[in-house]
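Asker: Okay, handing you the structure first.
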Number of protein chains: 2
Amino acid sequence: MTPDQQDVAAANEAFYGAVERGDLDALTGLWCTEETAVCVHPGATPIHGTRNVLRSWALIMANTDYIQFFLTDVTVSVNGDVATVTCRENILTAADSGPQGFNGGLAEALNVFVRRPGGWRLWVHQASPVVSEAG
Amino acid sequence: MTPDQQDVAAANEAFYGAVERGDLDALTGLWCTEETAVCVHPGATPIHGTRNVLRSWALIMANTDYIQFFLTDVTVSVNGDVATVTCRENILTAADSGPQGFNGGLAEALNVFVRRPGGWRLWVHQASPVVSEAG
């Protein structure tokens with residue numbers, strides 16, 4: 001990976017880390033401040049504008065006791081001042097039912113980052129539910 | 001809408017028009033030629049690189065007798081030389097079963113366009129299945 005790709009990959013990991021810790025301040029610092037920011041949660045309609053996007057994450061984090069993302073198939077592409085990351089989110093959440101009190105989930109995420117003076121910032125996040133695979 | 005937004009919206013409509021007509025040449029002209037291009041079909045894993053992306057569309061079009069996209073909630077945001085479009089794809093396809101031989105589908109799409117000398121080109125397309133709504 002190039003230094004740019006490494007920086008983008010680190011910003012991507014910081015994003016999921018902030019959600020896991022429920023750290024809204026860190027999450028706020030990682031998103032760009034544009035009204036053009038977009039977030040599409042699995043199965044949901046798009047949310048536009050950083051304020052609304054962060055509010056949606058605050059709600060998710062407030063209603064989640066425990067969440068952990070195991071990222072696989074991470075691909076980072078840098079195109080000037082814009083970069084895309086695709087990754088598979090293997091999601092573990094606390095649950096009232098399920099084996100050992102955990103639920104598993106799966107989504108394909110696409111994150112678009114823009115280069116800012118302070119570093120790479122999230123501009124677009126979309127996570128699609130994945131058709132479950134045999135196995 | 002600004003002239004830029006109008007151009008992006010026109011490119012977005014041209015994209016869906018090309019899929020409806022099964023016009024692979026038009027579709028090829030609408031995608032950028034980068035290896036960083038990404039396409040995530042509903043419920044599927046990401047496809048990287050314009051060649052692979054176009055092959056996936058060729059397969060879809062070859063296996064589809066009839067497809068029509070009714071786009072709603074179209075939002076266009078331009079950020080320098082990159083633009084995002086979010087829209088809801090209300091999809092009508094021919095079907096062996098179903099009322100009047102049609103099937104309906106629903107997806108939330110996010111399309112990212114990059115500005116090129118010849119116009120706006122698709123760089124990213126992701127369509128998420130939508131949790132069905134009452135109604």
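Each chain of the structure tokens is named A, B, ... in the order shown, its residues numbered from 1; ligands are numbered from 1 in display order.
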Provide as a JSON list (two decimals) with N, CA and C atoms, in the first residue's frame the residues of chain A at most 7 Å from chain B, counting only C-alpha atoms.
Answerer:
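Ended up saving to out_29.json:
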```json
[["chain", "number", "residue", "atom", "x", "y", "z"],
["A", 36, "THR", "N", -23.09, 17.86, 1.78],
["A", 36, "THR", "CA", -23.20, 16.82, 0.75],
["A", 36, "THR", "C", -22.86, 15.43, 1.29],
["A", 43, "GLY", "N", -30.43, -1.39, 4.60],
["A", 43, "GLY", "CA", -31.88, -1.48, 4.45],
["A", 43, "GLY", "C", -32.62, -0.17, 4.63],
["A", 44, "ALA", "N", -31.88, 0.92, 4.78],
["A", 44, "ALA", "CA", -32.51, 2.21, 5.08],
["A", 44, "ALA", "C", -32.36, 3.20, 3.94],
["A", 45, "THR", "N", -33.06, 4.30, 4.04],
["A", 45, "THR", "CA", -32.99, 5.35, 3.02],
["A", 45, "THR", "C", -31.81, 6.27, 3.32],
["A", 77, "SER", "N", -8.64, 2.50, -2.60],
["A", 77, "SER", "CA", -8.25, 3.10, -3.87],
["A", 77, "SER", "C", -8.21, 4.61, -3.71],
["A", 108, "GLU", "N", -21.86, -5.26, 3.16],
["A", 108, "GLU", "CA", -20.80, -4.77, 2.29],
["A", 108, "GLU", "C", -20.81, -3.26, 2.39],
["A", 128, "SER", "N", -24.56, -2.20, 2.52],
["A", 128, "SER", "CA", -25.64, -3.02, 1.94],
["A", 128, "SER", "C", -25.72, -4.33, 2.67],
["A", 129, "PRO", "N", -26.93, -4.78, 2.97],
["A", 129, "PRO", "CA", -27.07, -6.15, 3.47],
["A", 129, "PRO", "C", -26.57, -7.12, 2.40],
["A", 130, "VAL", "N", -26.01, -8.23, 2.83],
["A", 130, "VAL", "CA", -25.47, -9.21, 1.89],
["A", 130, "VAL", "C", -26.38, -10.42, 1.85],
["A", 131, "VAL", "N", -26.62, -10.92, 0.66],
["A", 131, "VAL", "CA", -27.36, -12.17, 0.52],
["A", 131, "VAL", "C", -26.54, -13.25, 1.21]]
```
Asker: Going by DSSP on the backbone, which bits of segment 2-125 of chain B are alpha helix (DSSP H)? Write them as a ChimeraX atom specification, please.
Answerer: /B:3-21,24-30,50-62
Asker: Tell me which of B:Gln5, B:Asn12, B:Asn90, B:Thr33 sits closest to Ile67 of chain B, counting only C-alpha atoms.
Answerer: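 Closest residue, counting only C-alpha atoms: B:Asn90.
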Asker: Give me the residues near Phe15 of chain A as a compact mmCIF listing (two decimals) with all heavy atoms, in the first residue's frame, where near means some atom within 9 Å (using only C-alpha atoms) and where sequence neighbours in that chain fewer than 2 positions away do not count.
Answerer:
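File written: around.txt
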```txt
# COMPACT_ATOMS: atom_id res chain seq x y z
N ALA A 10 -6.15 3.72 7.73
CA ALA A 10 -6.14 4.07 9.16
C ALA A 10 -7.39 4.88 9.51
O ALA A 10 -8.01 4.66 10.57
CB ALA A 10 -4.88 4.86 9.50
N ALA A 11 -7.79 5.81 8.64
CA ALA A 11 -9.01 6.60 8.89
C ALA A 11 -10.23 5.68 8.90
O ALA A 11 -11.15 5.85 9.71
CB ALA A 11 -9.16 7.69 7.82
N ASN A 12 -10.22 4.69 8.01
CA ASN A 12 -11.32 3.74 7.95
C ASN A 12 -11.42 2.92 9.25
O ASN A 12 -12.50 2.73 9.81
CB ASN A 12 -11.11 2.81 6.75
CG ASN A 12 -12.35 2.00 6.39
OD1 ASN A 12 -13.38 2.55 6.09
ND2 ASN A 12 -12.22 0.68 6.44
N GLU A 13 -10.27 2.48 9.74
CA GLU A 13 -10.27 1.73 11.01
C GLU A 13 -10.69 2.61 12.17
O GLU A 13 -11.41 2.17 13.07
CB GLU A 13 -8.88 1.14 11.27
CG GLU A 13 -8.68 -0.16 10.51
CD GLU A 13 -7.23 -0.63 10.52
OE1 GLU A 13 -6.53 -0.37 11.52
OE2 GLU A 13 -6.79 -1.24 9.52
N GLY A 17 -13.65 1.97 14.82
CA GLY A 17 -13.27 1.99 16.24
C GLY A 17 -14.13 2.97 17.03
O GLY A 17 -14.56 2.67 18.15
N ALA A 18 -14.39 4.13 16.44
CA ALA A 18 -15.21 5.14 17.12
C ALA A 18 -16.63 4.62 17.35
O ALA A 18 -17.22 4.83 18.41
CB ALA A 18 -15.23 6.44 16.32
N VAL A 19 -17.17 3.91 16.34
CA VAL A 19 -18.53 3.35 16.50
C VAL A 19 -18.52 2.28 17.59
O VAL A 19 -19.41 2.22 18.44
CB VAL A 19 -19.05 2.78 15.17
CG1 VAL A 19 -20.41 2.11 15.37
CG2 VAL A 19 -19.15 3.88 14.12
N GLU A 20 -17.48 1.42 17.59
CA GLU A 20 -17.40 0.36 18.60
C GLU A 20 -17.36 0.94 20.01
O GLU A 20 -17.98 0.42 20.93
CB GLU A 20 -16.14 -0.48 18.36
CG GLU A 20 -16.25 -1.40 17.15
CD GLU A 20 -14.96 -2.18 16.88
OE1 GLU A 20 -13.90 -1.80 17.41
OE2 GLU A 20 -15.02 -3.15 16.14
N ALA A 26 -15.11 11.47 18.54
CA ALA A 26 -14.16 10.95 17.55
C ALA A 26 -14.83 10.82 16.18
O ALA A 26 -14.26 11.18 15.15
CB ALA A 26 -13.62 9.59 18.00
N LEU A 27 -16.07 10.33 16.20
CA LEU A 27 -16.81 10.14 14.95
C LEU A 27 -17.03 11.48 14.25
O LEU A 27 -16.89 11.59 13.03
CB LEU A 27 -18.15 9.48 15.26
CG LEU A 27 -18.82 8.67 14.16
CD1 LEU A 27 -17.94 7.52 13.73
CD2 LEU A 27 -20.16 8.16 14.64
N LEU A 30 -14.11 12.63 12.41
CA LEU A 30 -13.74 11.82 11.25
C LEU A 30 -14.59 12.12 10.02
O LEU A 30 -14.19 11.79 8.90
CB LEU A 30 -13.85 10.34 11.59
CG LEU A 30 -12.74 9.78 12.47
CD1 LEU A 30 -13.15 8.47 13.10
CD2 LEU A 30 -11.47 9.59 11.64
N TRP A 31 -15.76 12.71 10.21
CA TRP A 31 -16.62 13.04 9.07
C TRP A 31 -16.29 14.43 8.56
O TRP A 31 -15.96 15.33 9.33
CB TRP A 31 -18.10 12.98 9.47
CG TRP A 31 -18.66 11.58 9.39
CD1 TRP A 31 -18.57 10.62 10.34
CD2 TRP A 31 -19.37 11.00 8.30
NE1 TRP A 31 -19.18 9.47 9.91
CE2 TRP A 31 -19.69 9.67 8.66
CE3 TRP A 31 -19.78 11.47 7.05
CZ2 TRP A 31 -20.38 8.81 7.81
CZ3 TRP A 31 -20.49 10.60 6.20
CH2 TRP A 31 -20.78 9.29 6.59
N LEU A 122 -14.45 11.20 6.20
CA LEU A 122 -15.54 10.45 5.58
C LEU A 122 -16.52 11.40 4.91
O LEU A 122 -16.94 12.39 5.49
CB LEU A 122 -16.28 9.65 6.65
CG LEU A 122 -16.01 8.16 6.72
CD1 LEU A 122 -16.72 7.58 7.92
CD2 LEU A 122 -16.45 7.44 5.45
```
Asker: According to DSSP computed on the backbone, where in segment 20-97 of chain B is there strand (DSSP E)? Give the residues as a JSON list (two decimals) with all heavy atoms, in the first residue's frame.
Answerer:
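New file out-v8.json:
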```
[["chain", "number", "residue", "atom", "x", "y", "z"],
["B", 38, "VAL", "N", -15.87, 1.05, -8.78],
["B", 38, "VAL", "CA", -16.49, 0.04, -7.91],
["B", 38, "VAL", "C", -17.98, -0.04, -8.20],
["B", 38, "VAL", "O", -18.63, 0.99, -8.40],
["B", 38, "VAL", "CB", -16.33, 0.38, -6.42],
["B", 38, "VAL", "CG1", -16.87, -0.75, -5.56],
["B", 38, "VAL", "CG2", -14.90, 0.67, -6.05],
["B", 39, "CYS", "N", -18.51, -1.25, -8.18],
["B", 39, "CYS", "CA", -19.94, -1.46, -8.36],
["B", 39, "CYS", "C", -20.40, -2.51, -7.36],
["B", 39, "CYS", "O", -19.81, -3.59, -7.28],
["B", 39, "CYS", "CB", -20.21, -1.91, -9.79],
["B", 39, "CYS", "SG", -21.94, -2.15, -10.17],
["B", 40, "VAL", "N", -21.43, -2.19, -6.58],
["B", 40, "VAL", "CA", -22.00, -3.15, -5.63],
["B", 40, "VAL", "C", -23.47, -3.34, -6.00],
["B", 40, "VAL", "O", -24.30, -2.46, -5.76],
["B", 40, "VAL", "CB", -21.87, -2.67, -4.17],
["B", 40, "VAL", "CG1", -22.31, -3.78, -3.20],
["B", 40, "VAL", "CG2", -20.43, -2.24, -3.84],
["B", 47, "ILE", "N", -17.55, -5.25, -6.92],
["B", 47, "ILE", "CA", -16.81, -5.57, -8.15],
["B", 47, "ILE", "C", -15.90, -4.38, -8.44],
["B", 47, "ILE", "O", -16.36, -3.24, -8.49],
["B", 47, "ILE", "CB", -17.78, -5.81, -9.31],
["B", 47, "ILE", "CG1", -18.69, -6.99, -9.00],
["B", 47, "ILE", "CG2", -17.03, -6.03, -10.62],
["B", 47, "ILE", "CD1", -19.91, -7.08, -9.89],
["B", 48, "HIS", "N", -14.61, -4.66, -8.61],
["B", 48, "HIS", "CA", -13.62, -3.59, -8.79],
["B", 48, "HIS", "C", -13.12, -3.55, -10.23],
["B", 48, "HIS", "O", -12.89, -4.61, -10.83],
["B", 48, "HIS", "CB", -12.44, -3.82, -7.85],
["B", 48, "HIS", "CG", -12.76, -3.64, -6.41],
["B", 48, "HIS", "ND1", -12.68, -2.41, -5.78],
["B", 48, "HIS", "CD2", -13.20, -4.50, -5.46],
["B", 48, "HIS", "CE1", -13.03, -2.54, -4.51],
["B", 48, "HIS", "NE2", -13.35, -3.80, -4.29],
["B", 67, "ILE", "N", -36.44, -4.40, -18.30],
["B", 67, "ILE", "CA", -36.20, -3.75, -17.01],
["B", 67, "ILE", "C", -36.45, -2.26, -17.17],
["B", 67, "ILE", "O", -36.10, -1.65, -18.20],
["B", 67, "ILE", "CB", -34.77, -4.02, -16.47],
["B", 67, "ILE", "CG1", -34.63, -3.51, -15.03],
["B", 67, "ILE", "CG2", -33.69, -3.42, -17.37],
["B", 67, "ILE", "CD1", -33.43, -4.08, -14.28],
["B", 68, "GLN", "N", -37.13, -1.69, -16.19],
["B", 68, "GLN", "CA", -37.37, -0.26, -16.22],
["B", 68, "GLN", "C", -37.16, 0.31, -14.82],
["B", 68, "GLN", "O", -37.56, -0.29, -13.83],
["B", 68, "GLN", "CB", -38.80, 0.02, -16.72],
["B", 68, "GLN", "CG", -38.98, 1.46, -17.12],
["B", 68, "GLN", "CD", -40.29, 1.72, -17.85],
["B", 68, "GLN", "OE1", -41.06, 0.79, -18.09],
["B", 68, "GLN", "NE2", -40.55, 2.97, -18.18],
["B", 69, "PHE", "N", -36.47, 1.43, -14.77],
["B", 69, "PHE", "CA", -36.18, 2.09, -13.49],
["B", 69, "PHE", "C", -37.03, 3.36, -13.38],
["B", 69, "PHE", "O", -36.93, 4.25, -14.24],
["B", 69, "PHE", "CB", -34.71, 2.51, -13.41],
["B", 69, "PHE", "CG", -33.74, 1.37, -13.37],
["B", 69, "PHE", "CD1", -33.20, 0.86, -14.54],
["B", 69, "PHE", "CD2", -33.35, 0.81, -12.16],
["B", 69, "PHE", "CE1", -32.29, -0.19, -14.51],
["B", 69, "PHE", "CE2", -32.45, -0.24, -12.13],
["B", 69, "PHE", "CZ", -31.92, -0.74, -13.30],
["B", 70, "PHE", "N", -37.84, 3.44, -12.36],
["B", 70, "PHE", "CA", -38.51, 4.70, -12.03],
["B", 70, "PHE", "C", -37.74, 5.29, -10.85],
["B", 70, "PHE", "O", -37.76, 4.71, -9.76],
["B", 70, "PHE", "CB", -39.97, 4.44, -11.65],
["B", 70, "PHE", "CG", -40.76, 3.80, -12.75],
["B", 70, "PHE", "CD1", -40.88, 2.42, -12.81],
["B", 70, "PHE", "CD2", -41.36, 4.56, -13.75],
["B", 70, "PHE", "CE1", -41.58, 1.80, -13.84],
["B", 70, "PHE", "CE2", -42.06, 3.96, -14.78],
["B", 70, "PHE", "CZ", -42.18, 2.58, -14.82],
["B", 71, "LEU", "N", -37.06, 6.39, -11.11],
["B", 71, "LEU", "CA", -36.22, 6.98, -10.07],
["B", 71, "LEU", "C", -37.02, 8.00, -9.27],
["B", 71, "LEU", "O", -37.69, 8.86, -9.83],
["B", 71, "LEU", "CB", -35.00, 7.66, -10.69],
["B", 71, "LEU", "CG", -34.10, 6.78, -11.55],
["B", 71, "LEU", "CD1", -32.90, 7.59, -12.03],
["B", 71, "LEU", "CD2", -33.63, 5.55, -10.78],
["B", 72, "THR", "N", -36.95, 7.88, -7.95],
["B", 72, "THR", "CA", -37.57, 8.89, -7.08],
["B", 72, "THR", "C", -36.54, 9.35, -6.06],
["B", 72, "THR", "O", -35.50, 8.71, -5.89],
["B", 72, "THR", "CB", -38.81, 8.31, -6.36],
["B", 72, "THR", "OG1", -38.43, 7.11, -5.68],
["B", 72, "THR", "CG2", -39.92, 7.99, -7.33],
["B", 73, "ASP", "N", -36.84, 10.45, -5.39],
["B", 73, "ASP", "CA", -35.94, 11.00, -4.36],
["B", 73, "ASP", "C", -34.51, 11.19, -4.89],
["B", 73, "ASP", "O", -33.54, 10.83, -4.22],
["B", 73, "ASP", "CB", -35.92, 10.10, -3.12],
["B", 73, "ASP", "CG", -37.30, 9.88, -2.56],
["B", 73, "ASP", "OD1", -37.92, 10.86, -2.15],
["B", 73, "ASP", "OD2", -37.77, 8.73, -2.55],
["B", 74, "VAL", "N", -34.40, 11.76, -6.08],
["B", 74, "VAL", "CA", -33.08, 11.98, -6.67],
["B", 74, "VAL", "C", -32.44, 13.21, -6.03],
["B", 74, "VAL", "O", -33.03, 14.29, -6.02],
["B", 74, "VAL", "CB", -33.20, 12.19, -8.20],
["B", 74, "VAL", "CG1", -31.81, 12.40, -8.81],
["B", 74, "VAL", "CG2", -33.90, 11.00, -8.85],
["B", 75, "THR", "N", -31.27, 13.04, -5.46],
["B", 75, "THR", "CA", -30.52, 14.15, -4.85],
["B", 75, "THR", "C", -29.13, 14.21, -5.48],
["B", 75, "THR", "O", -28.44, 13.20, -5.50],
["B", 75, "THR", "CB", -30.39, 13.94, -3.32],
["B", 75, "THR", "OG1", -31.68, 13.77, -2.77],
["B", 75, "THR", "CG2", -29.73, 15.15, -2.67],
["B", 76, "VAL", "N", -28.76, 15.36, -5.99],
["B", 76, "VAL", "CA", -27.47, 15.53, -6.67],
["B", 76, "VAL", "C", -26.62, 16.52, -5.87],
["B", 76, "VAL", "O", -27.07, 17.62, -5.58],
["B", 76, "VAL", "CB", -27.66, 16.06, -8.10],
["B", 76, "VAL", "CG1", -26.31, 16.22, -8.79],
["B", 76, "VAL", "CG2", -28.58, 15.15, -8.90],
["B", 77, "SER", "N", -25.41, 16.12, -5.51],
["B", 77, "SER", "CA", -24.49, 17.01, -4.79],
["B", 77, "SER", "C", -23.17, 17.05, -5.54],
["B", 77, "SER", "O", -22.58, 16.01, -5.81],
["B", 77, "SER", "CB", -24.22, 16.50, -3.38],
["B", 77, "SER", "OG", -25.43, 16.38, -2.66],
["B", 78, "VAL", "N", -22.70, 18.27, -5.85],
["B", 78, "VAL", "CA", -21.44, 18.42, -6.56],
["B", 78, "VAL", "C", -20.40, 18.99, -5.60],
["B", 78, "VAL", "O", -20.69, 19.92, -4.85],
["B", 78, "VAL", "CB", -21.59, 19.35, -7.78],
["B", 78, "VAL", "CG1", -20.25, 19.54, -8.48],
["B", 78, "VAL", "CG2", -22.62, 18.78, -8.75],
["B", 79, "ASN", "N", -19.23, 18.39, -5.59],
["B", 79, "ASN", "CA", -18.16, 18.77, -4.68],
["B", 79, "ASN", "C", -16.89, 18.86, -5.53],
["B", 79, "ASN", "O", -16.14, 17.89, -5.62],
["B", 79, "ASN", "CB", -18.05, 17.69, -3.60],
["B", 79, "ASN", "CG", -17.37, 18.18, -2.35],
["B", 79, "ASN", "OD1", -16.68, 19.20, -2.39],
["B", 79, "ASN", "ND2", -17.54, 17.46, -1.25],
["B", 82, "VAL", "N", -16.07, 15.94, -8.17],
["B", 82, "VAL", "CA", -16.72, 14.69, -7.79],
["B", 82, "VAL", "C", -18.17, 15.02, -7.41],
["B", 82, "VAL", "O", -18.44, 16.05, -6.82],
["B", 82, "VAL", "CB", -16.00, 14.03, -6.59],
["B", 82, "VAL", "CG1", -16.63, 12.70, -6.25],
["B", 82, "VAL", "CG2", -14.51, 13.83, -6.89],
["B", 83, "ALA", "N", -19.08, 14.18, -7.79],
["B", 83, "ALA", "CA", -20.49, 14.42, -7.49],
["B", 83, "ALA", "C", -21.15, 13.13, -7.04],
["B", 83, "ALA", "O", -20.80, 12.05, -7.50],
["B", 83, "ALA", "CB", -21.21, 14.96, -8.73],
["B", 84, "THR", "N", -22.08, 13.26, -6.10],
["B", 84, "THR", "CA", -22.85, 12.09, -5.69],
["B", 84, "THR", "C", -24.31, 12.25, -6.11],
["B", 84, "THR", "O", -24.84, 13.35, -6.10],
["B", 84, "THR", "CB", -22.84, 11.87, -4.16],
["B", 84, "THR", "OG1", -23.39, 13.02, -3.53],
["B", 84, "THR", "CG2", -21.45, 11.61, -3.64],
["B", 85, "VAL", "N", -24.90, 11.16, -6.47],
["B", 85, "VAL", "CA", -26.35, 11.11, -6.68],
["B", 85, "VAL", "C", -26.89, 10.00, -5.79],
["B", 85, "VAL", "O", -26.37, 8.88, -5.82],
["B", 85, "VAL", "CB", -26.70, 10.78, -8.16],
["B", 85, "VAL", "CG1", -28.21, 10.67, -8.34],
["B", 85, "VAL", "CG2", -26.12, 11.81, -9.10],
["B", 86, "THR", "N", -27.90, 10.32, -4.99],
["B", 86, "THR", "CA", -28.64, 9.25, -4.33],
["B", 86, "THR", "C", -30.02, 9.24, -4.95],
["B", 86, "THR", "O", -30.60, 10.28, -5.28],
["B", 86, "THR", "CB", -28.77, 9.45, -2.80],
["B", 86, "THR", "OG1", -29.38, 10.71, -2.55],
["B", 86, "THR", "CG2", -27.42, 9.41, -2.12],
["B", 87, "CYS", "N", -30.54, 8.05, -5.16],
["B", 87, "CYS", "CA", -31.90, 7.94, -5.70],
["B", 87, "CYS", "C", -32.47, 6.59, -5.32],
["B", 87, "CYS", "O", -31.73, 5.65, -5.01],
["B", 87, "CYS", "CB", -31.92, 8.12, -7.22],
["B", 87, "CYS", "SG", -30.83, 7.05, -8.15],
["B", 88, "ARG", "N", -33.77, 6.54, -5.30],
["B", 88, "ARG", "CA", -34.45, 5.28, -5.05],
["B", 88, "ARG", "C", -34.78, 4.67, -6.41],
["B", 88, "ARG", "O", -35.41, 5.31, -7.25],
["B", 88, "ARG", "CB", -35.72, 5.52, -4.24],
["B", 88, "ARG", "CG", -36.60, 4.29, -4.13],
["B", 88, "ARG", "CD", -37.63, 4.42, -3.05],
["B", 88, "ARG", "NE", -37.02, 4.24, -1.73],
["B", 88, "ARG", "CZ", -37.71, 3.81, -0.67],
["B", 88, "ARG", "NH1", -39.00, 3.55, -0.75],
["B", 88, "ARG", "NH2", -37.10, 3.65, 0.48],
["B", 89, "GLU", "N", -34.33, 3.43, -6.60],
["B", 89, "GLU", "CA", -34.63, 2.71, -7.84],
["B", 89, "GLU", "C", -35.91, 1.89, -7.62],
["B", 89, "GLU", "O", -35.90, 0.94, -6.85],
["B", 89, "GLU", "CB", -33.50, 1.75, -8.19],
["B", 89, "GLU", "CG", -32.13, 2.40, -8.39],
["B", 89, "GLU", "CD", -31.01, 1.37, -8.60],
["B", 89, "GLU", "OE1", -31.29, 0.16, -8.43],
["B", 89, "GLU", "OE2", -29.88, 1.78, -8.90],
["B", 90, "ASN", "N", -36.97, 2.30, -8.26],
["B", 90, "ASN", "CA", -38.20, 1.50, -8.27],
["B", 90, "ASN", "C", -38.13, 0.69, -9.57],
["B", 90, "ASN", "O", -38.27, 1.25, -10.66],
["B", 90, "ASN", "CB", -39.43, 2.40, -8.25],
["B", 90, "ASN", "CG", -39.43, 3.32, -7.04],
["B", 90, "ASN", "OD1", -39.89, 2.95, -5.96],
["B", 90, "ASN", "ND2", -38.88, 4.52, -7.20],
["B", 91, "ILE", "N", -37.89, -0.60, -9.43],
["B", 91, "ILE", "CA", -37.51, -1.42, -10.58],
["B", 91, "ILE", "C", -38.65, -2.33, -11.01],
["B", 91, "ILE", "O", -39.26, -3.01, -10.19],
["B", 91, "ILE", "CB", -36.27, -2.29, -10.22],
["B", 91, "ILE", "CG1", -35.15, -1.41, -9.67],
["B", 91, "ILE", "CG2", -35.80, -3.07, -11.44],
["B", 91, "ILE", "CD1", -34.09, -2.20, -8.92],
["B", 92, "LEU", "N", -38.91, -2.30, -12.30],
["B", 92, "LEU", "CA", -39.94, -3.17, -12.88],
["B", 92, "LEU", "C", -39.24, -4.12, -13.83],
["B", 92, "LEU", "O", -38.52, -3.67, -14.73],
["B", 92, "LEU", "CB", -40.94, -2.30, -13.64],
["B", 92, "LEU", "CG", -42.34, -2.86, -13.91],
["B", 92, "LEU", "CD1", -43.07, -3.12, -12.60],
["B", 92, "LEU", "CD2", -43.12, -1.85, -14.75],
["B", 93, "THR", "N", -39.41, -5.42, -13.63],
["B", 93, "THR", "CA", -38.79, -6.38, -14.54],
["B", 93, "THR", "C", -39.83, -7.37, -15.04],
["B", 93, "THR", "O", -40.85, -7.60, -14.38],
["B", 93, "THR", "CB", -37.67, -7.19, -13.85],
["B", 93, "THR", "OG1", -38.16, -7.70, -12.61],
["B", 93, "THR", "CG2", -36.44, -6.35, -13.60],
["B", 94, "ALA", "N", -39.58, -7.92, -16.21],
["B", 94, "ALA", "CA", -40.45, -8.98, -16.72],
["B", 94, "ALA", "C", -40.29, -10.21, -15.84],
["B", 94, "ALA", "O", -39.21, -10.48, -15.33],
["B", 94, "ALA", "CB", -40.06, -9.30, -18.17]]
```
Asker: Go ahead and compute the interatomic distance for atom CA of Gly29 of chain A and atom CA of Met61 of chain A, in Å to one decimal.
Answerer: 16.1 Å
